[in-house]
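S.K.: Here it is: the structure, laid out below.
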Amino acid sequence: MFKKILFATSATRASDHAARVAFNIARAYHARLDIFHVLGVPSRGYSQVVVDIKTRERVDVDDDYMAWVQDEITTYYADYLKNGLDYDIHVAVGLPAREILRRARETEPDLILLGGSTEEEHDGVYKKTVAGTTLQKVARAARCPVLVVTRPAASFWGGISSITFGTDFSKASDKAFEFALKMALTLNCELHVFHALAITSLSSERLMSQDDIEQKIREKLRVIRARYEPRLKTLKQYTMEVWEGIPYMEIVKYARETHSDLIIMAHHSRKLETDDRAFGSNVEQVIVRAGCPVISINR
Amino acid sequence: MQKKILIIDDDPNILDYLSALFTDNGYDTQVAPDAVKGLETARRFEPDLITLDIEMPGEWGPRFYRQMMQIKELKNTPVIVISGLSGNEHAIPKAIAAVKKPFDREELLRIVKETLG
């Protein structure tokens, strides 16, 4: 399923739970792991002076410093690197999102794996409910699926045996479905196809009646059946479900109820900046709230 | 009637220790060294409580929990996670408690007594 995984890491505690997922998936699925670290952003264009993301110090970056950082990463992940794991460590300088995408273009991984945000300015609730800029940019622009682990709860707990696929019936969702189905077949796991019916909020003018909601749920269930069930029959175990509510919340709740180890969703927006940066799209909200890793697919 | 506790852990020292601890405190115990044997024992023993390790050879604790949830006789059985893995409180969201190894025996007994009455 995955032959080459690009694991972009800050090699700090913010990436620890993502690291557990990256190393365990690479080992379980015999993938080559490309551990990639962007050590900092140059103070000016082409400058050699960089603020190191780990030490927070201004440093003159030369080959010796890069080699030292590489050694530091090897030491940081020493426990995981034992016992014949196929891996490589690369260090770069620049804007993290741009460098990660550049590395991905060069190495063409099957999967990019990212950890939580290291943005210190986003404290408290704000930090916990907003996808970091690196994550947003990579998830929107990557050419391959992007797996994100932002919470300790979304760490590795023994493998993937149950997948929730969240759909909004778009073309992008159809692509994501192909990937989810392939993954469920390859890993021989359950696939739960889920749609969340967005309900108008209480504060807005028009409130849907419960009869309307239930009618719409039945309609959407018919759409799911028509669209996905013929393909789902190739699987041993699958379910189809529609719930009403706030879409990202319902997806997170449904994945918890089905004990899913993975959520797969399409990412629609390819724009790098949006007006709703602080809120993000549904998939970005799922990413920061889910109790399991989330794979975002944008093409 | 004695309450029954099933202990699932791949570390034989932990199995011995917990078994002695619970037996000394009046509980009937059985042990299993992995998730597969855990499920077999759980079906037969029908425990009132299960203590569950997370990282075990073969299937991990969360997978045992998922399978257990599909068995009518077991799905309401409370589970206490006992593991050395960081963040173990997140491994099984519906576990009644998560205890980190090395654990305080009095604290564990208090949770067990609170749960089983």
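Going through the structure tokens in order, the chains are called A, B, and so on, while each chain numbers its residues from 1 and the ligands are numbered from 1 in the order shown.
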Tell me, counting only C-alpha atoms, for each residue of chain A within 10 Å of chain B, which pair of atoms is nearest and how far apart they are in Å to one decimal, in rows ordered by chain and increasing number, as CSV.
M.R.:
residue,atom,partner,partner_atom,distance
A:Asp16,CA,B:Ser86,CA,9.9
A:His17,CA,B:Gly87,CA,8.8
A:Arg151,CA,B:His90,CA,9.4
A:Pro152,CA,B:Gly87,CA,6.1
A:Ala153,CA,B:His90,CA,4.6
A:Ala154,CA,B:His90,CA,8.0
A:Ser155,CA,B:Ala91,CA,8.3
A:Phe156,CA,B:Ala91,CA,8.6
A:Trp157,CA,B:Ala91,CA,6.3
A:Gly158,CA,B:Trp60,CA,5.0
A:Gly159,CA,B:Trp60,CA,8.0
A:Ile160,CA,B:Arg63,CA,9.2
A:Ser161,CA,B:Arg63,CA,8.0
A:Ser162,CA,B:Arg66,CA,9.6
A:Arg256,CA,B:Pro93,CA,8.0
A:Glu257,CA,B:Lys94,CA,9.7
A:Thr258,CA,B:Arg66,CA,8.5
A:His259,CA,B:Arg66,CA,6.6
A:Ser260,CA,B:Arg66,CA,9.4
A:Asp261,CA,B:Pro62,CA,9.5
A:Gly291,CA,B:His90,CA,7.8
A:Cys292,CA,B:Ala91,CA,9.6
S.K.: Using DSSP on the backbone, list every residue of stretch 9-107 of chain B that comes out as helix (DSSP H, G or I), and give them as a PyMOL selection string.
M.R.: chain B and resi 12-24+35-45+61-69+88-90+105-107
S.K.: Just want the 12 Å neighbourhood of stretch 67-72 of chain A, counted on only C-alpha atoms, with same-chain residues fewer than 4 positions away dropped. Output as a PyMOL selection string.
M.R.: chain A and resi 10-12+35-40+52-55+59+61-63+76-78+88-93
S.K.: Write the selection just made, keeping C-alpha atoms, as a compact mmCIF listing (two decimals), in the first residue's frame?
M.R.:
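out05.txt written:
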# COMPACT_ATOMS: atom_id res chain seq x y z
CA SER A 10 9.98 19.17 13.66
CA ALA A 11 11.77 16.46 15.69
CA THR A 12 10.24 18.04 18.79
CA ILE A 35 12.46 11.57 7.58
CA PHE A 36 12.52 15.21 6.55
CA HIS A 37 13.27 18.15 8.79
CA VAL A 38 13.21 21.82 7.88
CA LEU A 39 15.53 23.29 10.46
CA GLY A 40 14.49 26.91 10.10
CA ASP A 52 16.68 26.94 14.38
CA ILE A 53 13.18 25.58 15.03
CA LYS A 54 14.41 23.21 17.74
CA THR A 55 16.83 25.42 19.68
CA VAL A 59 22.68 30.06 13.66
CA VAL A 61 23.98 27.26 8.58
CA ASP A 62 26.77 25.38 6.85
CA ASP A 63 27.37 21.72 6.01
CA TYR A 76 16.04 11.76 18.95
CA TYR A 77 14.48 8.83 17.08
CA ALA A 78 17.15 6.25 18.03
CA ASP A 88 16.74 8.15 5.28
CA ILE A 89 17.12 11.50 7.05
CA HIS A 90 17.19 14.79 5.16
CA VAL A 91 17.55 18.30 6.52
CA ALA A 92 16.66 21.49 4.64
CA VAL A 93 16.43 25.22 5.21
S.K.: What parts of stretch 8-138 of chain A does DSSP call strand (DSSP E)? I'd like the answer as a PyMOL selection string.
M.R.: chain A and resi 8+32-38+40-42+49-52+58-60+87-92+111-114
S.K.: Find, counting only C-alpha atoms, the residue in B:Val81, B:Ala32, B:Leu116, B:Ala20 that gets nearest to B:Thr51.
M.R.: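 Ranking B:Val81, B:Ala32, B:Leu116, B:Ala20 by distance to B:Thr51, first place goes to B:Val81.
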S.K.: Taking only C-alpha atoms into account, name the residue in A:Arg20, A:Arg32, A:Arg206, A:Arg56 that is nearest to A:Tyr80.
M.R.: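 Closest candidate: A:Arg20.
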S.K.: Find the spatial neighbours of B:Pro47, counting only C-alpha atoms, within a cut-off of 10 Å - ignore same-chain residues fewer than 6 positions away - and output them as a list in words.
M.R.: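 Close residues of B:Pro47: Lys3, Lys4, Ile5, Leu6, Ile7, Asp28, Thr29, Gln30, Thr41, Glu73, Leu74, Thr77 and Pro78 of chain B.
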S.K.: Tell me which protein, DNA and RNA residues are within 12 Å of A:Lys182, counting only C-alpha atoms, leaving out same-chain ones fewer than 2 positions away, and put them as a PyMOL selection string.
M.R.: chain A and resi 1-2+163+165+175-180+184-191+231-232+234-235+264
S.K.: At what distance in Å, to one decimal, does atom CA of A:Leu113 lie from atom CA of B:Lys101?
M.R.: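 These two atoms are separated by 29.4 Å.
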S.K.: Could you pull the residues within 8 Å of A:Ile251, counting only C-alpha atoms, minus those fewer than 6 positions along the same chain, as a PyMOL selection string?
M.R.: chain A and resi 166+194-196+286
S.K.: By how many Å are atom CA of A:Ser170 and atom CA of A:Thr239 apart?
M.R.: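 Taking atom CA of A:Ser170 and atom CA of A:Thr239, their separation equals 19.5 Å.
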S.K.: What lies within 10 Å of B:Pro33 using only C-alpha atoms, ignoring chain neighbours under 5 positions off, as a compact mmCIF listing (two decimals) with N, CA, C and O atoms, in the first residue's frame?
M.R.:
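Output file selection.txt follows:
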# COMPACT_ATOMS: atom_id res chain seq x y z
N ILE B 7 -7.25 -10.34 33.48
CA ILE B 7 -6.05 -9.50 33.31
C ILE B 7 -5.39 -9.88 31.98
O ILE B 7 -5.02 -11.04 31.78
N ILE B 8 -5.26 -8.91 31.09
CA ILE B 8 -4.63 -9.19 29.78
C ILE B 8 -3.36 -8.35 29.68
O ILE B 8 -3.41 -7.11 29.71
N ASP B 9 -2.23 -9.02 29.60
CA ASP B 9 -0.92 -8.34 29.53
C ASP B 9 0.10 -9.33 29.01
O ASP B 9 0.04 -10.51 29.33
N ASP B 10 1.05 -8.83 28.20
CA ASP B 10 2.07 -9.75 27.67
C ASP B 10 3.24 -9.94 28.63
O ASP B 10 4.10 -10.77 28.38
N ASP B 11 3.28 -9.17 29.71
CA ASP B 11 4.38 -9.28 30.67
C ASP B 11 3.97 -10.26 31.79
O ASP B 11 3.06 -9.96 32.58
N PRO B 12 4.63 -11.44 31.86
CA PRO B 12 4.22 -12.43 32.87
C PRO B 12 4.36 -11.91 34.30
O PRO B 12 3.58 -12.31 35.18
N LEU B 15 1.22 -10.04 35.01
CA LEU B 15 0.11 -10.99 35.19
C LEU B 15 0.14 -11.58 36.60
O LEU B 15 -0.89 -11.62 37.30
N GLY B 38 -7.02 -13.50 25.25
CA GLY B 38 -7.86 -12.65 26.10
C GLY B 38 -9.33 -12.76 25.72
O GLY B 38 -10.21 -12.90 26.56
N ASP B 53 -3.66 -4.31 28.74
CA ASP B 53 -2.43 -3.67 28.27
C ASP B 53 -2.69 -3.14 26.86
O ASP B 53 -3.60 -3.61 26.17
N MET B 56 0.97 -5.03 22.78
CA MET B 56 1.23 -6.46 22.98
C MET B 56 1.63 -7.07 21.63
O MET B 56 1.24 -6.55 20.59
N PRO B 57 2.37 -8.16 21.66
CA PRO B 57 2.70 -8.82 20.39
C PRO B 57 1.40 -9.26 19.70
O PRO B 57 0.44 -9.62 20.37
